[in-house]
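Listing of input_38.tsv; format and content: TSV, C-alpha atoms (C1' of nucleotides) and all ligand atoms.
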chain	number	residue	atom	x	y	z
Q	7	MET	CA	-1.94	-35.32	-11.62
Q	8	ARG	CA	-2.69	-35.31	-7.92
Q	9	LYS	CA	-6.07	-35.10	-6.34
Q	10	ARG	CA	-5.48	-31.60	-4.99
Q	11	THR	CA	-4.55	-30.45	-8.48
Q	12	ARG	CA	-7.85	-31.78	-9.77
Q	13	ASP	CA	-9.75	-29.99	-7.03
Q	14	ILE	CA	-8.14	-26.69	-7.85
Q	15	GLN	CA	-8.64	-27.27	-11.54
Q	16	LYS	CA	-12.31	-27.82	-10.93
Q	17	ALA	CA	-12.65	-24.75	-8.74
Q	18	LEU	CA	-10.80	-22.50	-11.17
Q	19	SER	CA	-12.88	-23.79	-14.00
Q	20	GLU	CA	-16.07	-23.04	-12.11
Q	21	SER	CA	-14.77	-19.55	-11.41
Q	22	GLY	CA	-14.49	-18.96	-15.14
Q	23	TYR	CA	-10.78	-19.53	-15.64
Q	24	ARG	CA	-9.69	-21.57	-18.62
Q	25	ILE	CA	-7.71	-24.65	-17.79
Q	26	THR	CA	-4.61	-24.44	-19.93
Q	27	GLN	CA	-1.75	-26.90	-20.08
Q	28	SER	CA	0.60	-24.23	-18.77
Q	29	ARG	CA	-1.58	-23.53	-15.77
Q	30	LEU	CA	-1.97	-27.19	-15.04
Q	31	ALA	CA	1.78	-27.68	-15.13
Q	32	VAL	CA	2.38	-24.82	-12.74
Q	33	ILE	CA	-0.30	-26.00	-10.36
Q	34	GLU	CA	1.02	-29.53	-10.43
Q	35	VAL	CA	4.55	-28.32	-9.63
Q	36	ILE	CA	3.34	-26.33	-6.66
Q	37	MET	CA	1.31	-29.27	-5.35
Q	38	ARG	CA	4.32	-31.55	-5.56
Q	39	ALA	CA	6.71	-29.09	-3.91
Q	40	ARG	CA	7.98	-29.91	-0.46
Q	41	HIS	CA	8.80	-26.30	0.36
Q	42	SER	CA	8.14	-22.85	-1.08
Q	43	LEU	CA	9.53	-22.25	-4.55
Q	44	SER	CA	10.63	-19.14	-6.37
Q	45	PRO	CA	9.00	-18.32	-9.72
Q	46	GLU	CA	12.18	-19.37	-11.53
Q	47	GLU	CA	12.22	-22.70	-9.74
Q	48	ILE	CA	8.58	-23.24	-10.56
Q	49	LEU	CA	9.29	-22.43	-14.21
Q	50	ALA	CA	12.11	-24.94	-14.45
Q	51	ARG	CA	9.98	-27.71	-12.98
Q	52	ALA	CA	6.87	-26.83	-14.95
Q	53	ARG	CA	8.81	-27.03	-18.20
Q	54	LYS	CA	9.49	-30.68	-17.52
Q	55	ILE	CA	5.74	-31.19	-17.73
Q	56	GLU	CA	4.90	-28.60	-20.38
Q	57	PRO	CA	8.07	-27.36	-22.13
Q	58	SER	CA	6.47	-24.29	-23.66
Q	59	VAL	CA	5.57	-22.59	-20.37
Q	60	GLY	CA	6.84	-19.04	-20.07
Q	61	LEU	CA	7.93	-17.14	-16.98
Q	62	ALA	CA	5.19	-14.56	-17.34
Q	63	THR	CA	2.62	-17.32	-17.15
Q	64	VAL	CA	4.18	-18.62	-13.96
Q	65	TYR	CA	3.72	-15.19	-12.42
Q	66	ARG	CA	0.22	-14.90	-13.79
Q	67	THR	CA	-0.77	-18.31	-12.50
Q	68	LEU	CA	0.68	-17.51	-9.09
Q	69	ASP	CA	-1.43	-14.37	-9.04
Q	70	VAL	CA	-4.54	-16.35	-9.92
Q	71	LEU	CA	-3.86	-18.99	-7.27
Q	72	HIS	CA	-3.15	-16.30	-4.72
Q	73	ALA	CA	-6.28	-14.35	-5.63
Q	74	GLU	CA	-8.33	-17.52	-5.31
Q	75	GLY	CA	-6.82	-18.26	-1.92
Q	76	TYR	CA	-4.76	-21.29	-2.79
Q	77	LEU	CA	-1.37	-19.72	-2.19
Q	78	GLU	CA	0.28	-17.58	0.41
Q	79	ARG	CA	3.14	-15.34	-0.44
Q	80	VAL	CA	6.26	-15.91	1.56
Q	81	ARG	CA	9.29	-13.70	1.49
Q	82	ILE	CA	12.70	-15.19	2.03
Q	83	GLY	CA	14.88	-12.72	0.26
Q	84	ASN	CA	12.94	-13.12	-2.92
Q	85	LYS	CA	9.31	-13.81	-3.25
Q	86	GLY	CA	8.20	-17.35	-2.70
Q	87	TYR	CA	4.89	-19.10	-2.51
Q	88	THR	CA	3.53	-21.91	-0.39
Q	89	LEU	CA	0.20	-23.58	-0.20
Q	90	ALA	CA	-2.30	-21.60	1.76
Q	91	CYS	CA	-3.41	-23.06	5.05
Q	92	GLU	CA	-6.93	-23.33	6.33
Q	93	GLU	CA	-6.53	-21.09	9.35
Q	94	LYS	CA	-8.22	-17.78	8.66
Q	95	SER	CA	-7.59	-15.93	11.91
Q	96	LEU	CA	-4.26	-14.28	12.63
Q	97	HIS	CA	-1.56	-16.82	13.20
Q	98	PHE	CA	2.17	-17.27	12.70
Q	99	HIS	CA	4.48	-18.89	10.18
Q	100	LEU	CA	8.00	-19.74	11.20
Q	101	ILE	CA	9.94	-19.67	7.96
Q	102	CYS	CA	13.38	-21.22	7.81
Q	103	GLU	CA	15.54	-19.20	5.47
Q	104	ARG	CA	17.83	-22.14	4.91
Q	105	CYS	CA	15.55	-25.09	4.12
Q	106	ARG	CA	12.48	-22.96	3.52
Q	107	THR	CA	10.31	-25.10	5.72
Q	108	VAL	CA	7.22	-23.31	6.91
Q	109	ILE	CA	6.16	-24.18	10.44
Q	110	GLU	CA	2.59	-23.34	11.28
Q	111	LEU	CA	2.10	-22.09	14.82
Q	112	GLN	CA	-1.13	-22.96	16.50
Q	113	SER	CA	-2.37	-19.76	17.98
Q	114	ASN	CA	-5.86	-20.69	18.99
Q	115	HIS	CA	-5.09	-19.17	22.35
Q	116	SER	CA	-7.60	-16.39	22.35
Q	117	SER	CA	-5.99	-15.42	25.64
Q	118	ASP	CA	-2.71	-14.89	23.86
Q	119	ALA	CA	-1.13	-11.71	25.14
Q	120	LEU	CA	-0.04	-10.66	21.71
Q	121	LEU	CA	-3.43	-10.93	20.07
Q	122	ALA	CA	-4.90	-9.12	23.05
Q	123	GLN	CA	-2.53	-6.22	22.45
Q	124	LEU	CA	-3.40	-6.16	18.78
Q	125	ARG	CA	-7.04	-5.91	19.68
Q	126	ALA	CA	-6.36	-3.26	22.28
Q	127	ALA	CA	-4.47	-1.15	19.74
Q	128	GLY	CA	-7.31	-1.49	17.29
Q	129	PHE	CA	-4.84	-2.62	14.69
Q	130	LYS	CA	-6.09	-4.60	11.71
Q	131	SER	CA	-3.51	-6.90	10.14
Q	132	ARG	CA	-3.64	-7.08	6.36
Q	133	LYS	CA	-2.56	-10.69	6.29
Q	134	ASN	CA	-3.76	-13.52	8.42
Q	135	ALA	CA	-0.31	-15.04	8.56
Q	136	VAL	CA	2.58	-13.23	10.20
Q	137	GLU	CA	6.00	-14.37	9.05
Q	138	ILE	CA	8.83	-14.91	11.47
Q	139	VAL	CA	11.94	-15.59	9.42
Q	140	GLY	CA	14.93	-17.36	10.88
Q	141	LEU	CA	16.39	-20.84	11.23
Q	142	CYS	CA	14.49	-23.95	12.17
Q	143	ALA	CA	15.90	-26.23	14.84
Q	144	LYS	CA	17.35	-28.62	12.27
Q	145	CYS	CA	19.16	-25.92	10.32
Q	146	GLN	CA	20.82	-24.30	13.29
Q	147	SER	CA	23.21	-27.09	14.16
Q	148	PRO	CA	24.77	-28.58	10.98
Q	149	GLU	CA	27.12	-26.21	9.23
T	18	MET	CA	21.59	19.40	13.90
T	19	ARG	CA	19.78	17.48	16.59
T	20	LYS	CA	21.35	15.92	19.63
T	21	ARG	CA	20.69	12.38	18.41
T	22	THR	CA	22.43	13.22	15.15
T	23	ARG	CA	25.48	14.35	17.12
T	24	ASP	CA	25.48	11.15	19.14
T	25	ILE	CA	25.41	9.00	16.04
T	26	GLN	CA	28.05	11.15	14.39
T	27	LYS	CA	30.30	10.65	17.39
T	28	ALA	CA	29.71	6.91	17.47
T	29	LEU	CA	30.30	6.45	13.76
T	30	SER	CA	33.44	8.50	13.98
T	31	GLU	CA	34.75	6.37	16.81
T	32	SER	CA	33.98	3.29	14.75
T	33	GLY	CA	36.26	4.59	12.04
T	34	TYR	CA	33.71	6.02	9.63
T	35	ARG	CA	34.44	9.39	8.10
T	36	ILE	CA	31.83	12.03	8.78
T	37	THR	CA	30.91	13.45	5.39
T	38	GLN	CA	28.44	16.17	4.62
T	39	SER	CA	26.35	13.69	2.67
T	40	ARG	CA	26.18	11.26	5.55
T	41	LEU	CA	25.32	14.01	7.97
T	42	ALA	CA	22.50	15.18	5.74
T	43	VAL	CA	21.05	11.68	5.45
T	44	ILE	CA	21.31	11.07	9.18
T	45	GLU	CA	19.71	14.40	9.97
T	46	VAL	CA	16.81	13.63	7.62
T	47	ILE	CA	16.18	10.29	9.26
T	48	MET	CA	16.29	11.83	12.72
T	49	ARG	CA	13.75	14.45	11.76
T	50	ALA	CA	11.38	12.00	10.07
T	51	ARG	CA	8.06	11.31	11.75
T	52	HIS	CA	7.65	7.97	10.00
T	53	SER	CA	9.69	5.57	7.92
T	54	LEU	CA	10.97	6.96	4.63
T	55	SER	CA	11.90	5.35	1.35
T	56	PRO	CA	15.41	5.91	-0.01
T	57	GLU	CA	14.00	8.27	-2.64
T	58	GLU	CA	12.21	10.32	-0.01
T	59	ILE	CA	15.35	10.47	2.06
T	60	LEU	CA	17.30	11.62	-0.99
T	61	ALA	CA	14.88	14.44	-1.73
T	62	ARG	CA	15.01	15.72	1.82
T	63	ALA	CA	18.75	15.31	2.19
T	64	ARG	CA	19.35	17.39	-0.93
T	65	LYS	CA	17.72	20.34	0.77
T	66	ILE	CA	20.54	20.17	3.29
T	67	GLU	CA	23.35	19.02	0.99
T	68	PRO	CA	22.36	19.37	-2.69
T	69	SER	CA	25.12	17.14	-4.04
T	70	VAL	CA	23.99	13.96	-2.27
T	71	GLY	CA	23.50	10.97	-4.58
T	72	LEU	CA	21.06	8.10	-4.31
T	73	ALA	CA	23.84	5.54	-3.98
T	74	THR	CA	25.10	7.35	-0.92
T	75	VAL	CA	21.66	7.26	0.62
T	76	TYR	CA	21.66	3.48	0.25
T	77	ARG	CA	25.21	3.21	1.53
T	78	THR	CA	24.46	5.37	4.55
T	79	LEU	CA	21.36	3.35	5.30
T	80	ASP	CA	23.50	0.23	5.22
T	81	VAL	CA	25.99	1.75	7.60
T	82	LEU	CA	23.31	2.90	10.01
T	83	HIS	CA	21.64	-0.48	9.84
T	84	ALA	CA	24.91	-2.33	10.37
T	85	GLU	CA	25.66	-0.14	13.37
T	86	GLY	CA	22.24	-0.81	14.82
T	87	TYR	CA	20.69	2.61	14.39
T	88	LEU	CA	18.08	1.61	11.87
T	89	GLU	CA	15.59	-1.15	11.36
T	90	ARG	CA	14.39	-2.14	7.96
T	91	VAL	CA	10.67	-2.01	7.46
T	92	ARG	CA	8.86	-3.30	4.44
T	93	ILE	CA	5.69	-1.64	3.31
T	94	GLY	CA	5.68	-2.55	-0.32
T	95	ASN	CA	9.06	-1.01	-0.84
T	96	LYS	CA	11.89	-0.94	1.60
T	97	GLY	CA	11.70	1.62	4.32
T	98	TYR	CA	13.72	2.41	7.37
T	99	THR	CA	12.85	3.53	10.85
T	100	LEU	CA	14.90	4.26	13.88
T	101	ALA	CA	15.89	1.17	15.72
T	102	CYS	CA	14.36	0.61	19.12
T	103	GLU	CA	16.14	-0.43	22.25
T	104	GLU	CA	14.35	-3.72	22.75
T	105	LYS	CA	16.69	-6.55	21.80
T	106	SER	CA	14.52	-9.57	22.47
T	107	LEU	CA	11.87	-10.71	20.02
T	108	HIS	CA	9.00	-8.28	19.89
T	109	PHE	CA	6.44	-6.95	17.43
T	110	HIS	CA	5.99	-3.93	15.22
T	111	LEU	CA	2.55	-3.02	14.00
T	112	ILE	CA	3.16	-1.14	10.77
T	113	CYS	CA	0.38	0.90	9.25
T	114	GLU	CA	0.62	0.69	5.49
T	115	ARG	CA	-1.33	3.90	5.11
T	116	CYS	CA	0.36	6.37	7.47
T	117	ARG	CA	3.46	4.27	8.04
T	118	THR	CA	3.28	4.65	11.78
T	119	VAL	CA	5.18	1.95	13.62
T	120	ILE	CA	3.56	0.81	16.85
T	121	GLU	CA	5.89	-0.99	19.23
T	122	LEU	CA	4.27	-3.86	21.07
T	123	GLN	CA	5.47	-4.53	24.55
T	124	SER	CA	6.05	-8.24	24.74
T	125	ASN	CA	7.96	-8.60	27.96
T	126	HIS	CA	5.59	-11.39	28.82
T	127	SER	CA	8.07	-14.20	29.11
T	128	SER	CA	5.00	-16.37	29.59
T	129	ASP	CA	3.64	-15.29	26.26
T	130	ALA	CA	2.17	-18.29	24.51
T	131	LEU	CA	3.68	-17.33	21.20
T	132	LEU	CA	7.20	-16.95	22.45
T	133	ALA	CA	6.80	-20.21	24.33
T	134	GLN	CA	5.90	-21.96	21.10
T	135	LEU	CA	8.89	-20.42	19.35
T	136	ARG	CA	11.12	-21.76	22.09
T	137	ALA	CA	9.43	-25.15	21.98
T	138	ALA	CA	9.99	-25.39	18.23
T	139	GLY	CA	13.63	-24.47	18.69
T	140	PHE	CA	13.19	-21.79	16.08
T	141	LYS	CA	15.65	-18.89	16.02
T	142	SER	CA	14.28	-15.70	14.53
T	143	ARG	CA	16.71	-13.73	12.40
T	144	LYS	CA	15.27	-10.41	13.40
T	145	ASN	CA	14.29	-9.22	16.80
T	146	ALA	CA	11.33	-7.32	15.43
T	147	VAL	CA	8.49	-9.13	13.71
T	148	GLU	CA	6.42	-6.97	11.41
T	149	ILE	CA	2.65	-7.12	11.34
T	150	VAL	CA	1.50	-4.97	8.44
T	151	GLY	CA	-2.00	-3.60	8.30
T	152	LEU	CA	-3.97	-0.51	9.26
T	153	CYS	CA	-3.73	1.35	12.54
T	154	ALA	CA	-6.92	2.30	14.36
T	155	LYS	CA	-6.82	5.85	13.02
T	156	CYS	CA	-6.44	4.82	9.40
T	157	GLN	CA	-9.26	2.31	9.39
T	158	SER	CA	-12.14	4.75	9.74
T	159	PRO	CA	-11.56	7.81	7.52
T	160	GLU	CA	-11.79	7.10	3.82
I	10	DC	C1'	-16.13	-32.41	-35.42
I	11	DT	C1'	-15.90	-27.38	-36.96
I	12	DT	C1'	-16.38	-22.67	-36.06
I	13	DC	C1'	-16.17	-18.62	-33.32
I	14	DT	C1'	-14.95	-15.67	-29.51
I	15	DT	C1'	-11.70	-14.13	-26.61
I	16	DA	C1'	-9.02	-15.45	-22.49
I	17	DT	C1'	-4.49	-16.80	-22.30
I	18	DT	C1'	-0.03	-17.35	-23.88
I	19	DG	C1'	5.26	-16.78	-24.82
I	20	DA	C1'	8.88	-13.71	-26.00
I	21	DG	C1'	10.93	-9.96	-25.24
I	22	DA	C1'	10.74	-5.07	-23.92
I	23	DA	C1'	9.96	-2.12	-20.02
I	24	DT	C1'	10.04	-0.95	-15.30
I	25	DG	C1'	11.62	-0.08	-10.69
I	26	DA	C1'	14.48	-0.84	-6.88
I	27	DT	C1'	18.98	-1.78	-5.53
I	28	DT	C1'	23.85	-2.58	-6.39
I	29	DC	C1'	28.06	-1.96	-8.78
I	30	DT	C1'	31.92	0.54	-11.27
I	31	DC	C1'	35.17	3.88	-11.54
I	32	DA	C1'	37.22	8.20	-11.92
I	33	DT	C1'	37.10	12.10	-8.68
I	34	DT	C1'	36.78	14.23	-4.17
I	35	DA	C1'	37.45	15.34	0.48
I	36	DA	C1'	37.89	13.45	5.61
I	37	DG	C1'	41.12	12.95	8.92
I	38	DC	C1'	45.77	12.92	10.32
I	39	DG	C1'	49.97	14.55	10.65
C	9	DC	C1'	49.33	22.51	3.88
C	10	DG	C1'	50.00	17.73	1.82
C	11	DC	C1'	48.95	12.43	1.96
C	12	DT	C1'	46.38	8.51	2.06
C	13	DT	C1'	42.44	6.37	1.00
C	14	DA	C1'	37.53	6.10	2.46
C	15	DA	C1'	33.74	7.92	0.41
C	16	DT	C1'	31.32	9.99	-3.26
C	17	DG	C1'	28.20	10.93	-7.53
C	18	DA	C1'	26.79	9.53	-11.98
C	19	DG	C1'	25.50	6.31	-14.61
C	20	DA	C1'	25.75	1.44	-15.97
C	21	DA	C1'	24.43	-3.07	-14.52
C	22	DT	C1'	21.47	-6.38	-12.24
C	23	DC	C1'	17.48	-8.68	-10.82
C	24	DA	C1'	12.73	-9.58	-10.05
C	25	DT	C1'	8.47	-8.46	-11.72
C	26	DT	C1'	5.23	-6.41	-14.97
C	27	DC	C1'	3.77	-5.05	-19.43
C	28	DT	C1'	2.92	-5.33	-24.58
C	29	DC	C1'	1.29	-7.54	-28.41
C	30	DA	C1'	0.71	-10.67	-32.00
C	31	DA	C1'	-0.32	-15.59	-31.99
C	32	DT	C1'	-2.72	-19.42	-29.86
C	33	DA	C1'	-5.93	-22.52	-27.94
C	34	DA	C1'	-9.86	-23.25	-24.34
C	35	DG	C1'	-14.45	-23.74	-24.26
C	36	DA	C1'	-19.08	-22.72	-25.90
C	37	DA	C1'	-22.16	-23.20	-29.58
C	38	DG	C1'	-23.79	-25.31	-33.66
Q	201	MN	MN	-0.86	-20.43	7.76
Q	202	MN	MN	11.24	-2.44	17.88
Q	203	ZN	ZN	15.51	-25.19	8.19
Q	204	ZN	ZN	-2.19	4.50	10.05
What does this structure look like when you write it as structure tokens?
Amino acid sequence: MRKRTRDIQKALSESGYRITQSRLAVIEVIMRARHSLSPEEILARARKIEPSVGLATVYRTLDVLHAEGYLERVRIGNKGYTLACEEKSLHFHLICERCRTVIELQSNHSSDALLAQLRAAGFKSRKNAVEIVGLCAKCQSPE
Amino acid sequence: MRKRTRDIQKALSESGYRITQSRLAVIEVIMRARHSLSPEEILARARKIEPSVGLATVYRTLDVLHAEGYLERVRIGNKGYTLACEEKSLHFHLICERCRTVIELQSNHSSDALLAQLRAAGFKSRKNAVEIVGLCAKCQSPE
DNA sequence: CTTCTTATTGAGAATGATTCTCATTAAGCG
DNA sequence: CGCTTAATGAGAATCATTCTCAATAAGAAG
């Protein structure tokens, strides 16, 4: 079990959640993942750690992790999840629909024309990460 | 039937599509709509014009209109559709999840920091409209 | 360690949106 | 008016997600 898994385990525990083997398996899988995974993919991997895990528990654990701020939902066709980032102000995720890499854009530019327009319109974004789906540089060239 | 409906009818016809009463009803409904509609909403309204319309045809017509560039998909929970805009380069849609208004952001700023970062990353967006979902100024205040 | 409470679980049913199937209909063209 | 076949409507099928519920096990208390 990785360090990050332990941290989350501790935090969940302190928030009153019970630390079950199924939850631990799901969390561990997500921590190990190199890119966002679908619930089915998470299930398959989690069962290698804890064979009895059910799909419903994967969904439920994802909900818990999302509610506690450890996950961000990502939509590439189907729902996917990636680790949440630290940035709390509005910023952008470039999501490659081929390799599912998530590129974080640094948008600290408070002078950014886009953010200025958002402010001017008085619009309040529900999420702090805006998803721009497409192909990363690597995935554009090779067929 | 509105002028825009006639234009689309003409264009679809010239592209080889048959102009059926069902399609006309769906198109007319979309043209009249003040905000994006779900397929079920479109069905209900279309049946007031052509009672025999089926839900499958609503979906099929939406696909046709989208493929021909007349509609943009919008996701507010469920799928929705709005009229496509003229802008072909990457720009932003502020979508209010309460009133479903779609605010077009003018992002002609070729110097825009965000677009510059996209270019620098070599990332190619699949859509030309990026959706920022939240609440418009009007919908934030009244309960 | 054992007991107790109840949050959590797994399996499968249920749901909801979208797509598919297929026999029937009607656009569009002579 | 016929012909050809794209398009249709109804309902089945699919797929992801949520729900139900009896069984289980985490964690607190003793
Ligand atoms: Mn982020
Ligand atoms: Mn637009
Ligand atoms: Zn990629
Ligand atoms: Zn609004």
**OP:** Please return, as a PyMOL selection string, all residues of chain I lying within 12 Å of chain T when only C-alpha atoms (C1' of nucleotides) are considered.
**Re:** chain I and resi 25-30+34-37
Original post:
Taking all atoms listed in the file into account, what are the residues of chain T at most 7 Å from chain Q, put as a PyMOL selection string?
Top reply: chain T and resi 129-130+138-143+147+149-154
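Residues of chain C having any atom within 8 Å of chain T, counting all atoms listed in the file, are DA14, DA15, DT16 and DG17 of chain C.
Across the structure, atom CA of Glu47 of chain Q and atom CA of Leu30 of chain Q are spaced 15.8 Å apart.
With distances taken over only C-alpha atoms and all ligand atoms, Q:His41 is the one residue among Q:Val64, Q:Ala50, Q:Arg12, Q:His41 lying closest to ligand ZN 203 (chain Q).
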